[in-house]
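Asker: Please find work18.pdb (PDB, C-alpha atoms) on the next line:
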MODEL        1
ATOM      1  CA  MET A  23      -0.010 -22.370  94.339
ATOM      2  CA  LYS A  24       3.568 -23.666  94.435
ATOM      3  CA  PRO A  25       4.397 -25.777  91.364
ATOM      4  CA  ARG A  26       5.401 -29.409  91.806
ATOM      5  CA  LEU A  27       8.560 -28.868  89.756
ATOM      6  CA  ILE A  28      10.845 -25.970  88.929
ATOM      7  CA  LEU A  29      13.035 -26.835  85.950
ATOM      8  CA  LEU A  30      16.111 -24.936  84.798
ATOM      9  CA  ILE A  31      17.127 -25.582  81.188
ATOM     10  CA  ARG A  32      20.370 -24.422  79.613
ATOM     11  CA  HIS A  33      19.992 -23.570  75.930
ATOM     12  CA  GLY A  34      21.272 -25.977  73.273
ATOM     13  CA  GLU A  35      24.628 -25.604  71.565
ATOM     14  CA  SER A  36      24.902 -22.201  69.856
ATOM     15  CA  GLU A  37      27.134 -20.995  67.059
ATOM     16  CA  SER A  38      29.324 -19.187  69.615
ATOM     17  CA  ASN A  39      29.670 -22.347  71.710
ATOM     18  CA  LYS A  40      31.102 -23.945  68.602
ATOM     19  CA  ASP A  41      33.199 -21.017  67.348
ATOM     20  CA  LYS A  42      33.996 -17.996  69.557
ATOM     21  CA  LYS A  43      34.877 -15.895  66.498
ATOM     22  CA  VAL A  44      31.140 -15.521  65.853
ATOM     23  CA  ASN A  45      31.105 -12.963  68.688
ATOM     24  CA  GLU A  46      33.373 -10.650  66.678
ATOM     25  CA  HIS A  47      30.658  -9.799  64.153
ATOM     26  CA  THR A  48      27.310 -11.026  65.563
ATOM     27  CA  PRO A  49      25.512  -9.488  68.574
ATOM     28  CA  ASN A  50      25.337 -11.987  71.407
ATOM     29  CA  HIS A  51      21.551 -11.844  71.652
ATOM     30  CA  VAL A  52      20.979 -12.945  68.029
ATOM     31  CA  ILE A  53      23.385 -15.899  67.880
ATOM     32  CA  PRO A  54      21.365 -18.968  66.773
ATOM     33  CA  LEU A  55      21.562 -22.636  67.691
ATOM     34  CA  THR A  56      23.571 -25.075  65.637
ATOM     35  CA  LYS A  57      21.936 -28.147  64.098
ATOM     36  CA  ASN A  58      23.222 -30.114  67.092
ATOM     37  CA  GLY A  59      21.777 -27.450  69.415
ATOM     38  CA  ARG A  60      18.329 -27.810  67.855
ATOM     39  CA  ASN A  61      18.560 -31.558  68.422
ATOM     40  CA  GLU A  62      19.573 -30.939  72.057
ATOM     41  CA  ALA A  63      16.498 -28.737  72.453
ATOM     42  CA  ARG A  64      14.180 -31.555  71.323
ATOM     43  CA  LEU A  65      15.982 -34.010  73.619
ATOM     44  CA  ALA A  66      15.439 -31.569  76.489
ATOM     45  CA  GLY A  67      11.746 -31.573  75.615
ATOM     46  CA  ILE A  68      11.691 -35.369  75.820
ATOM     47  CA  GLU A  69      13.517 -35.246  79.145
ATOM     48  CA  ILE A  70      10.900 -32.801  80.457
ATOM     49  CA  LEU A  71       8.086 -35.087  79.312
ATOM     50  CA  LYS A  72       9.718 -37.953  81.233
ATOM     51  CA  LEU A  73       9.589 -35.817  84.385
ATOM     52  CA  LEU A  74       5.879 -35.076  84.049
ATOM     53  CA  ASN A  75       3.043 -37.182  85.375
ATOM     54  CA  VAL A  76       1.276 -37.881  82.075
ATOM     55  CA  ASP A  77      -1.472 -40.184  80.781
ATOM     56  CA  ASP A  78       0.657 -42.469  78.632
ATOM     57  CA  GLU A  79       4.423 -42.752  79.030
ATOM     58  CA  SER A  80       4.671 -45.100  76.038
ATOM     59  CA  ILE A  81       3.919 -42.099  73.819
ATOM     60  CA  ILE A  82       7.113 -40.466  75.077
ATOM     61  CA  ALA A  83       9.101 -43.512  73.942
ATOM     62  CA  ASP A  84       7.469 -43.226  70.511
ATOM     63  CA  ILE A  85       8.432 -39.550  70.262
ATOM     64  CA  GLU A  86      11.972 -40.404  71.328
ATOM     65  CA  ASP A  87      12.178 -43.000  68.541
ATOM     66  CA  GLU A  88      11.291 -40.275  66.048
ATOM     67  CA  GLN A  89      14.454 -38.282  66.829
ATOM     68  CA  ASP A  90      17.398 -38.426  64.440
ATOM     69  CA  HIS A  91      19.990 -38.559  67.194
ATOM     70  CA  LYS A  92      19.741 -39.685  70.806
ATOM     71  CA  GLU A  93      22.094 -39.245  73.718
ATOM     72  CA  ASP A  94      21.863 -39.693  77.451
ATOM     73  CA  ARG A  95      22.445 -36.350  79.181
ATOM     74  CA  GLU A  96      20.315 -36.831  82.270
ATOM     75  CA  LEU A  97      21.882 -35.467  85.448
ATOM     76  CA  LEU A  98      19.204 -36.772  87.820
ATOM     77  CA  LYS A  99      20.412 -38.530  90.936
ATOM     78  CA  ASN A 100      20.241 -42.311  90.682
ATOM     79  CA  ASP A 101      17.795 -42.631  93.580
ATOM     80  CA  TYR A 102      15.313 -40.115  92.121
ATOM     81  CA  GLN A 103      11.657 -41.021  92.677
ATOM     82  CA  ARG A 104       8.716 -38.685  92.199
ATOM     83  CA  MET A 105       7.161 -37.373  95.395
ATOM     84  CA  LYS A 106       3.738 -36.831  93.851
ATOM     85  CA  ARG A 107       1.818 -38.693  91.139
ATOM     86  CA  THR A 108      -1.052 -36.318  90.384
ATOM     87  CA  LYS A 109      -1.314 -35.521  86.667
ATOM     88  CA  ASP A 110       0.572 -32.476  85.412
ATOM     89  CA  THR A 111      -1.529 -30.402  83.028
ATOM     90  CA  ASP A 112      -0.293 -26.807  83.311
ATOM     91  CA  LEU A 113       3.200 -25.596  82.498
ATOM     92  CA  VAL A 114       4.688 -22.097  82.486
ATOM     93  CA  PHE A 115       7.843 -21.385  80.492
ATOM     94  CA  TYR A 116       9.994 -18.347  81.191
ATOM     95  CA  THR A 117      12.561 -17.695  78.488
ATOM     96  CA  SER A 118      15.468 -15.349  78.069
ATOM     97  CA  PRO A 119      14.841 -13.108  75.032
ATOM     98  CA  TYR A 120      18.086 -14.254  73.398
ATOM     99  CA  ARG A 121      17.660 -16.105  70.115
ATOM    100  CA  ARG A 122      19.358 -19.303  71.280
ATOM    101  CA  THR A 123      17.046 -19.651  74.302
ATOM    102  CA  ARG A 124      13.970 -18.890  72.211
ATOM    103  CA  GLU A 125      15.011 -21.510  69.669
ATOM    104  CA  THR A 126      15.638 -23.992  72.476
ATOM    105  CA  LEU A 127      12.147 -23.363  73.810
ATOM    106  CA  LYS A 128      10.778 -23.832  70.300
ATOM    107  CA  GLY A 129      12.300 -27.339  70.184
ATOM    108  CA  ILE A 130      10.911 -28.178  73.634
ATOM    109  CA  ILE A 131       7.426 -26.994  72.697
ATOM    110  CA  GLU A 132       7.469 -28.961  69.444
ATOM    111  CA  VAL A 133       7.913 -32.117  71.533
ATOM    112  CA  ILE A 134       5.057 -31.161  73.886
ATOM    113  CA  ASP A 135       2.815 -30.351  70.918
ATOM    114  CA  ARG A 136       3.655 -33.749  69.457
ATOM    115  CA  TYR A 137       2.657 -35.440  72.725
ATOM    116  CA  ASN A 138      -0.672 -33.571  72.749
ATOM    117  CA  GLU A 139      -1.263 -34.655  69.164
ATOM    118  CA  LEU A 140      -0.635 -38.331  69.893
ATOM    119  CA  ASN A 141      -2.373 -38.392  73.272
ATOM    120  CA  CYS A 142      -5.347 -36.122  72.665
ATOM    121  CA  GLY A 143      -5.656 -36.002  68.893
ATOM    122  CA  ILE A 144      -5.166 -32.230  68.803
ATOM    123  CA  LYS A 145      -2.654 -30.911  66.293
ATOM    124  CA  VAL A 146      -1.391 -27.338  66.356
ATOM    125  CA  CYS A 147      -2.526 -25.474  63.255
ATOM    126  CA  GLU A 148       0.106 -23.970  60.998
ATOM    127  CA  GLY A 149       0.968 -20.438  62.086
ATOM    128  CA  GLU A 150      -0.472 -20.895  65.583
ATOM    129  CA  SER A 151       2.542 -22.497  67.243
ATOM    130  CA  TYR A 152       5.174 -20.678  69.276
ATOM    131  CA  GLN A 153       7.500 -18.718  66.954
ATOM    132  CA  PRO A 154      10.926 -17.674  68.293
ATOM    133  CA  SER A 155      11.161 -14.660  65.964
ATOM    134  CA  GLY A 156       9.046 -12.728  63.542
ATOM    135  CA  THR A 157      11.580 -10.634  61.666
ATOM    136  CA  ARG A 158      14.951 -10.943  59.929
ATOM    137  CA  ARG A 159      16.373  -7.733  61.382
ATOM    138  CA  LEU A 160      19.347  -8.540  63.578
ATOM    139  CA  ALA A 161      18.901  -6.102  66.449
ATOM    140  CA  HIS A 162      15.127  -6.019  66.689
ATOM    141  CA  TRP A 163      12.699  -8.727  67.723
ATOM    142  CA  GLN A 164       8.997  -8.599  67.019
ATOM    143  CA  CYS A 165       6.621 -11.537  66.925
ATOM    144  CA  PRO A 166       3.195 -10.963  65.363
ATOM    145  CA  VAL A 167       1.785 -14.120  66.965
ATOM    146  CA  PHE A 168       2.093 -12.856  70.546
ATOM    147  CA  PRO A 169       3.121  -9.176  70.551
ATOM    148  CA  SER A 170       2.579  -8.889  74.313
ATOM    149  CA  GLY A 171       5.429 -11.332  74.951
ATOM    150  CA  VAL A 172       3.042 -14.020  76.250
ATOM    151  CA  PHE A 173       2.018 -17.105  74.284
ATOM    152  CA  GLU A 174      -0.497 -19.703  75.457
ATOM    153  CA  ASN A 175      -2.144 -22.829  74.043
ATOM    154  CA  ASN A 176      -5.763 -22.963  75.144
ATOM    155  CA  GLU A 177      -7.058 -26.288  73.840
ATOM    156  CA  SER A 178      -9.329 -28.545  75.869
ATOM    157  CA  VAL A 179     -10.144 -32.140  75.131
ATOM    158  CA  THR A 180     -12.785 -34.714  75.910
ATOM    159  CA  ASN A 181     -12.340 -38.131  74.313
ATOM    160  CA  PHE A 182     -14.896 -40.871  73.856
ATOM    161  CA  LYS A 183     -14.146 -44.479  73.005
ATOM    162  CA  LEU A 184     -16.538 -46.813  71.189
ATOM    163  CA  MET A 185     -17.079 -49.921  73.330
ATOM    164  CA  HIS A 186     -18.865 -53.158  72.290
ATOM    165  CA  THR A 187     -20.563 -55.008  75.137
ATOM    166  CA  ASN A 188     -21.553 -58.661  74.619
ATOM    167  CA  GLY A 189     -22.835 -58.171  71.091
ATOM    168  CA  ALA A 190     -25.260 -55.459  72.165
ATOM    169  CA  ASP A 191     -25.410 -51.981  70.732
ATOM    170  CA  PRO A 192     -22.089 -50.148  71.137
ATOM    171  CA  ASP A 193     -21.705 -47.694  73.994
ATOM    172  CA  PHE A 194     -19.587 -44.568  74.106
ATOM    173  CA  VAL A 195     -17.462 -44.488  77.223
ATOM    174  CA  HIS A 196     -15.887 -41.271  78.450
ATOM    175  CA  ILE A 197     -12.083 -41.423  78.655
ATOM    176  CA  GLU A 198     -10.195 -38.726  80.526
ATOM    177  CA  LYS A 199      -7.324 -37.261  78.514
ATOM    178  CA  ASN A 200      -5.065 -34.630  80.015
ATOM    179  CA  PHE A 201      -3.998 -31.936  77.574
ATOM    180  CA  LEU A 202      -0.695 -30.242  78.425
ATOM    181  CA  HIS A 203      -1.494 -26.538  78.593
ATOM    182  CA  TYR A 204       1.461 -24.181  78.555
ATOM    183  CA  ARG A 205       2.192 -20.467  78.669
ATOM    184  CA  VAL A 206       5.355 -18.716  77.496
ATOM    185  CA  LYS A 207       6.629 -15.531  79.105
ATOM    186  CA  GLU A 208       9.725 -13.639  78.000
ATOM    187  CA  GLU A 209      11.842 -12.400  80.878
ATOM    188  CA  PRO A 210      14.870 -10.127  80.188
ATOM    189  CA  ARG A 211      16.152 -10.572  83.749
ATOM    190  CA  ILE A 212      17.113 -14.199  83.017
ATOM    191  CA  ARG A 213      19.317 -13.262  80.044
ATOM    192  CA  GLU A 214      22.968 -14.221  79.589
ATOM    193  CA  GLN A 215      25.697 -12.577  81.645
ATOM    194  CA  ASP A 216      26.839  -9.497  79.736
ATOM    195  CA  PHE A 217      30.384 -10.114  78.456
ATOM    196  CA  GLY A 218      30.559  -6.786  76.604
ATOM    197  CA  ASN A 219      29.435  -6.063  73.062
ATOM    198  CA  PHE A 220      31.345  -7.349  70.024
ATOM    199  CA  GLN A 221      34.164  -9.485  71.451
ATOM    200  CA  GLN A 222      37.603  -9.934  69.907
ATOM    201  CA  THR A 223      38.612 -13.581  70.353
ATOM    202  CA  ALA A 224      42.249 -12.923  71.284
ATOM    203  CA  SER A 225      41.479 -10.262  73.892
ATOM    204  CA  MET A 226      38.621 -12.319  75.364
ATOM    205  CA  THR A 227      40.982 -15.259  75.845
ATOM    206  CA  GLU A 228      43.183 -13.010  77.960
ATOM    207  CA  VAL A 229      40.163 -11.729  79.904
ATOM    208  CA  MET A 230      38.967 -15.284  80.574
ATOM    209  CA  ASN A 231      42.396 -16.226  81.914
ATOM    210  CA  THR A 232      42.267 -13.230  84.227
ATOM    211  CA  ARG A 233      38.819 -14.266  85.436
ATOM    212  CA  ALA A 234      40.099 -17.786  86.173
ATOM    213  CA  ASN A 235      42.684 -16.276  88.540
ATOM    214  CA  TYR A 236      40.406 -13.604  89.998
ATOM    215  CA  GLY A 237      37.322 -15.773  90.535
ATOM    216  CA  HIS A 238      34.174 -16.235  88.463
ATOM    217  CA  PHE A 239      31.672 -14.612  90.817
ATOM    218  CA  PHE A 240      33.128 -11.151  91.446
ATOM    219  CA  PHE A 241      35.076 -10.616  88.206
ATOM    220  CA  ARG A 242      33.411  -7.956  86.029
ATOM    221  CA  PHE A 243      33.956  -8.075  82.292
ATOM    222  CA  PRO A 244      35.019  -4.808  80.649
ATOM    223  CA  GLN A 245      31.808  -3.074  79.457
ATOM    224  CA  GLY A 246      29.925  -6.040  80.912
ATOM    225  CA  GLU A 247      28.746  -7.716  84.113
ATOM    226  CA  SER A 248      30.045  -9.882  86.913
ATOM    227  CA  ALA A 249      28.151 -12.929  88.141
ATOM    228  CA  ALA A 250      27.421 -10.818  91.241
ATOM    229  CA  ASP A 251      25.573  -8.354  88.965
ATOM    230  CA  VAL A 252      23.572 -11.286  87.548
ATOM    231  CA  TYR A 253      22.754 -12.259  91.150
ATOM    232  CA  ASP A 254      21.066  -8.862  91.672
ATOM    233  CA  ARG A 255      18.651  -9.246  88.753
ATOM    234  CA  CYS A 256      18.119 -12.914  89.650
ATOM    235  CA  SER A 257      16.937 -11.760  93.095
ATOM    236  CA  GLY A 258      14.252  -9.587  91.519
ATOM    237  CA  PHE A 259      13.125 -12.412  89.250
ATOM    238  CA  GLN A 260      12.786 -14.845  92.158
ATOM    239  CA  GLU A 261      10.720 -12.287  94.073
ATOM    240  CA  THR A 262       8.368 -12.194  91.065
ATOM    241  CA  LEU A 263       8.075 -15.991  91.165
ATOM    242  CA  PHE A 264       7.276 -15.916  94.881
ATOM    243  CA  ARG A 265       4.491 -13.390  94.296
ATOM    244  CA  HIS A 266       3.003 -15.613  91.598
ATOM    245  CA  PHE A 267       3.176 -18.652  93.880
ATOM    246  CA  ASP A 268       1.420 -16.810  96.712
ATOM    247  CA  LYS A 269      -1.280 -15.219  94.572
ATOM    248  CA  SER A 270      -4.649 -16.618  95.623
ATOM    249  CA  GLY A 271      -7.034 -17.257  92.750
ATOM    250  CA  GLY A 272      -4.181 -17.184  90.241
ATOM    251  CA  LYS A 273      -3.672 -19.565  87.355
ATOM    252  CA  LYS A 274      -2.617 -23.086  88.240
ATOM    253  CA  ARG A 275       0.955 -24.081  87.429
ATOM    254  CA  ASP A 276       2.128 -27.656  87.952
ATOM    255  CA  VAL A 277       5.550 -26.991  86.458
ATOM    256  CA  VAL A 278       7.613 -23.823  86.025
ATOM    257  CA  ALA A 279      10.408 -24.181  83.454
ATOM    258  CA  ILE A 280      13.091 -21.519  82.977
ATOM    259  CA  VAL A 281      15.003 -21.579  79.682
ATOM    260  CA  THR A 282      18.185 -19.650  80.332
ATOM    261  CA  HIS A 283      21.993 -19.636  80.228
ATOM    262  CA  GLY A 284      24.784 -21.398  82.105
ATOM    263  CA  ILE A 285      25.812 -18.575  84.438
ATOM    264  CA  PHE A 286      22.267 -17.520  85.267
ATOM    265  CA  LEU A 287      21.306 -21.116  85.980
ATOM    266  CA  ARG A 288      24.051 -21.460  88.595
ATOM    267  CA  VAL A 289      23.322 -18.043  90.093
ATOM    268  CA  PHE A 290      19.629 -18.951  90.362
ATOM    269  CA  LEU A 291      20.497 -22.057  92.379
ATOM    270  CA  MET A 292      22.984 -20.131  94.515
ATOM    271  CA  LYS A 293      20.353 -17.529  95.396
ATOM    272  CA  TRP A 294      17.543 -20.040  95.950
ATOM    273  CA  PHE A 295      19.483 -22.436  98.180
ATOM    274  CA  ARG A 296      21.560 -19.678  99.811
ATOM    275  CA  TRP A 297      24.893 -21.071  98.748
ATOM    276  CA  THR A 298      28.082 -19.164  99.512
ATOM    277  CA  TYR A 299      30.113 -17.687  96.696
ATOM    278  CA  GLU A 300      32.739 -20.381  97.366
ATOM    279  CA  GLU A 301      30.115 -23.018  96.589
ATOM    280  CA  PHE A 302      29.268 -21.143  93.385
ATOM    281  CA  GLU A 303      32.948 -21.075  92.411
ATOM    282  CA  SER A 304      33.148 -24.858  92.765
ATOM    283  CA  LEU A 305      30.520 -25.398  90.048
ATOM    284  CA  THR A 306      31.090 -25.456  86.303
ATOM    285  CA  ASN A 307      28.519 -25.066  83.545
ATOM    286  CA  VAL A 308      26.108 -27.918  82.943
ATOM    287  CA  PRO A 309      26.176 -29.233  79.342
ATOM    288  CA  ASN A 310      24.091 -27.497  76.699
ATOM    289  CA  GLY A 311      20.487 -28.685  76.719
ATOM    290  CA  SER A 312      20.632 -29.952  80.312
ATOM    291  CA  VAL A 313      17.525 -29.963  82.514
ATOM    292  CA  ILE A 314      18.026 -29.216  86.227
ATOM    293  CA  VAL A 315      15.230 -30.471  88.504
ATOM    294  CA  MET A 316      13.918 -28.841  91.691
ATOM    295  CA  GLU A 317      10.991 -30.727  93.264
ATOM    296  CA  LEU A 318       8.626 -29.538  95.978
ATOM    297  CA  ASP A 319       8.777 -31.564  99.178
ATOM    298  CA  GLU A 320       5.335 -30.829 100.613
ATOM    299  CA  LYS A 321       6.178 -32.256 104.041
ATOM    300  CA  GLN A 322       9.012 -29.773 104.469
ATOM    301  CA  ASP A 323       7.353 -27.117 102.281
ATOM    302  CA  LYS A 324      10.567 -26.486 100.397
ATOM    303  CA  TYR A 325      12.236 -27.427  97.125
ATOM    304  CA  VAL A 326      14.834 -30.163  96.893
ATOM    305  CA  LEU A 327      17.543 -30.182  94.225
ATOM    306  CA  ARG A 328      17.233 -33.530  92.446
ATOM    307  CA  THR A 329      20.149 -33.068  90.061
ATOM    308  CA  THR A 330      23.864 -33.684  90.526
ATOM    309  CA  LEU A 331      25.770 -30.630  89.299
ATOM    310  CA  PRO A 332      29.216 -30.911  87.683
ATOM    311  CA  LYS A 333      32.159 -29.353  89.513
ATOM    312  CA  TRP A 334      35.615 -28.189  88.522
ATOM    313  CA  CYS A 335      38.293 -30.892  88.655
TER     314      CYS A 335
ENDMDL
END
Starting from the file, lay out its structure as structure tokens.

Answerer:
Amino acid sequence: MKPRLILLIRHGESESNKDKKVNEHTPNHVIPLTKNGRNEARLAGIEILKLLNVDDESIIADIEDEQDHKEDRELLKNDYQRMKRTKDTDLVFYTSPYRRTRETLKGIIEVIDRYNELNCGIKVCEGESYQPSGTRRLAHWQCPVFPSGVFENNESVTNFKLMHTNGADPDFVHIEKNFLHYRVKEEPRIREQDFGNFQQTASMTEVMNTRANYGHFFFRFPQGESAADVYDRCSGFQETLFRHFDKSGGKKRDVVAIVTHGIFLRVFLMKWFRWTYEEFESLTNVPNGSVIVMELDEKQDKYVLRTTLPKWC
């Protein structure tokens, strides 16, 4: 039941990434994406499509041409080649409940829905797509579309093509089309590192300088968390994943994608690959909207990191 790929996606550019003063008056969990961040989310969706084994890769190029702005942010190693070519049809998305991760996932799903529309002829009806929020209230989230916190697209498709054979009566030939099924699960344990509540820009600059001298892993923010605290909840989340992978008779999952934040992403990799805290300290955040690829090597029965991570100069 192990998925072929585990993908880690950092959310797109948020308002606080652009201007730290936003944190002085807006709760961290309701900070939205910028226009550029929404574009980065769609580009991440295209990058994910390129990683999948799909029916028609030319459709991905068509979707890419539809985007207003393109940029190359791929961090895959130059020698990357897929280990397995079986079609991917089932994806599971875990998302942090923060607004910026939800909105990033929304952009990714819009791209997948577009692929399903072009490949299978199935268009998502208005009001039935994934909605990142269902209310305007700042501190409360409620989505009427999937109140349980789980969203799933359940379409199936069988296509037939009209074929003419030597002037005889036309025949209908069955053509296999693979619909990309996906489920969305909200997971509070993969949320952002807690930096405290409303944050004064001047005092946070001083705190960040202190952290740079102290070390990023063990430094605990006043009224907040250290990366070591994030490691503890990451451990519980990975145990949940392992139970899902080992569950016999469970739902198939070709790809597990985790839409999260910069610190959690690095902590996840540290825990999974058993890196030391010194190795963690050597890494810096990946750019907003980046997709980190872990691929299952079936011969070794373990996951291989296929992405080159940026490090501090």

Asker: Running the PyMOL selection byres ((chain A and resi 273) around 12) on this model by hand, what would come out? Give it as a PDB file with C-alpha atoms, in the coordinates of the input.

Answerer:
ATOM      1  CA  MET A  23      -0.010 -22.370  94.339  1.00  0.00           C
ATOM      2  CA  LYS A  24       3.568 -23.666  94.435  1.00  0.00           C
ATOM      3  CA  PRO A  25       4.397 -25.777  91.364  1.00  0.00           C
ATOM      4  CA  THR A 111      -1.529 -30.402  83.028  1.00  0.00           C
ATOM      5  CA  ASP A 112      -0.293 -26.807  83.311  1.00  0.00           C
ATOM      6  CA  LEU A 113       3.200 -25.596  82.498  1.00  0.00           C
ATOM      7  CA  VAL A 114       4.688 -22.097  82.486  1.00  0.00           C
ATOM      8  CA  HIS A 203      -1.494 -26.538  78.593  1.00  0.00           C
ATOM      9  CA  TYR A 204       1.461 -24.181  78.555  1.00  0.00           C
ATOM     10  CA  ARG A 205       2.192 -20.467  78.669  1.00  0.00           C
ATOM     11  CA  HIS A 266       3.003 -15.613  91.598  1.00  0.00           C
ATOM     12  CA  PHE A 267       3.176 -18.652  93.880  1.00  0.00           C
ATOM     13  CA  ASP A 268       1.420 -16.810  96.712  1.00  0.00           C
ATOM     14  CA  LYS A 269      -1.280 -15.219  94.572  1.00  0.00           C
ATOM     15  CA  SER A 270      -4.649 -16.618  95.623  1.00  0.00           C
ATOM     16  CA  GLY A 271      -7.034 -17.257  92.750  1.00  0.00           C
ATOM     17  CA  GLY A 272      -4.181 -17.184  90.241  1.00  0.00           C
ATOM     18  CA  LYS A 274      -2.617 -23.086  88.240  1.00  0.00           C
ATOM     19  CA  ARG A 275       0.955 -24.081  87.429  1.00  0.00           C
ATOM     20  CA  ASP A 276       2.128 -27.656  87.952  1.00  0.00           C
ATOM     21  CA  VAL A 277       5.550 -26.991  86.458  1.00  0.00           C
TER      22      VAL A 277
END

Asker: For the provided coordinates, the residues matched by the PyMOL selection byres ((chain A and resi 75-90) around 7) should be stated as a PyMOL selection string.

Answerer: chain A and resi 68+71+73-74+91-92+107-110+137+199-200

Asker: Could you please take those selected residues and save C-alpha atoms as a PDB file, in the frame of the given file?

Answerer:
ATOM      1  CA  ILE A  68      11.691 -35.369  75.820  1.00  0.00           C
ATOM      2  CA  LEU A  71       8.086 -35.087  79.312  1.00  0.00           C
ATOM      3  CA  LEU A  73       9.589 -35.817  84.385  1.00  0.00           C
ATOM      4  CA  LEU A  74       5.879 -35.076  84.049  1.00  0.00           C
ATOM      5  CA  HIS A  91      19.990 -38.559  67.194  1.00  0.00           C
ATOM      6  CA  LYS A  92      19.741 -39.685  70.806  1.00  0.00           C
ATOM      7  CA  ARG A 107       1.818 -38.693  91.139  1.00  0.00           C
ATOM      8  CA  THR A 108      -1.052 -36.318  90.384  1.00  0.00           C
ATOM      9  CA  LYS A 109      -1.314 -35.521  86.667  1.00  0.00           C
ATOM     10  CA  ASP A 110       0.572 -32.476  85.412  1.00  0.00           C
ATOM     11  CA  TYR A 137       2.657 -35.440  72.725  1.00  0.00           C
ATOM     12  CA  LYS A 199      -7.324 -37.261  78.514  1.00  0.00           C
ATOM     13  CA  ASN A 200      -5.065 -34.630  80.015  1.00  0.00           C
TER      14      ASN A 200
END

Asker: Can you turn the PyMOL selection byres ((chain A and resi 252) around 9) into a concrete residue list for this file, as an NGL selection string?

Answerer: :A and (211-216 or 247-251 or 253-257 or 285-286 or 289)

Asker: Between A:Lys43, A:Phe201, A:Tyr116, A:Ser225, which one has atoms that come closest to A:Ile144, using only C-alpha atoms?

Answerer: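 Going through A:Lys43, A:Phe201, A:Tyr116, A:Ser225 one by one, the smallest distance to A:Ile144 is for A:Phe201.
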
Asker: Would you work out the distance separating atom CA of A:Ile134 from atom CA of A:Asp323, expressed in Å to one decimal?

Answerer: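 Here the two named atoms are 28.8 Å from each other.
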
Asker: For A:Val52, which residue among A:Gly284, A:Gly311, A:Pro154, A:Gly149 is the nearest when counting all atoms listed in the file?

Answerer: A:Pro154

Asker: Select all residues near (15.2, -19.8, 85.5) (cut-off 10 Å, inclusive, file coordinates), counting only C-alpha atoms, and output them as a count of residues only.

Answerer: 30

Asker: At what distance in Å, to one decimal, does atom CA of A:Ala234 lie from atom CA of A:Asn307?

Answerer: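 About the pair atom CA of A:Asn307 and atom CA of A:Ala234: they are 13.9 Å apart.
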
Asker: Name the closest residue to A:Thr330 among the candidates A:Tyr102, A:Glu300, A:Asn231, A:Val172; distances are taken between atoms, counting all atoms listed in the file.

Answerer: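 For A:Thr330, the nearest of the candidates is A:Tyr102.
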
Asker: For a test of reading the model, state the distance in Å between atom CA of A:Met316 and atom CA of A:Thr298, rounded to one decimal.

Answerer: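 Atom-to-atom, atom CA of A:Met316 to atom CA of A:Thr298, that is 18.9 Å.
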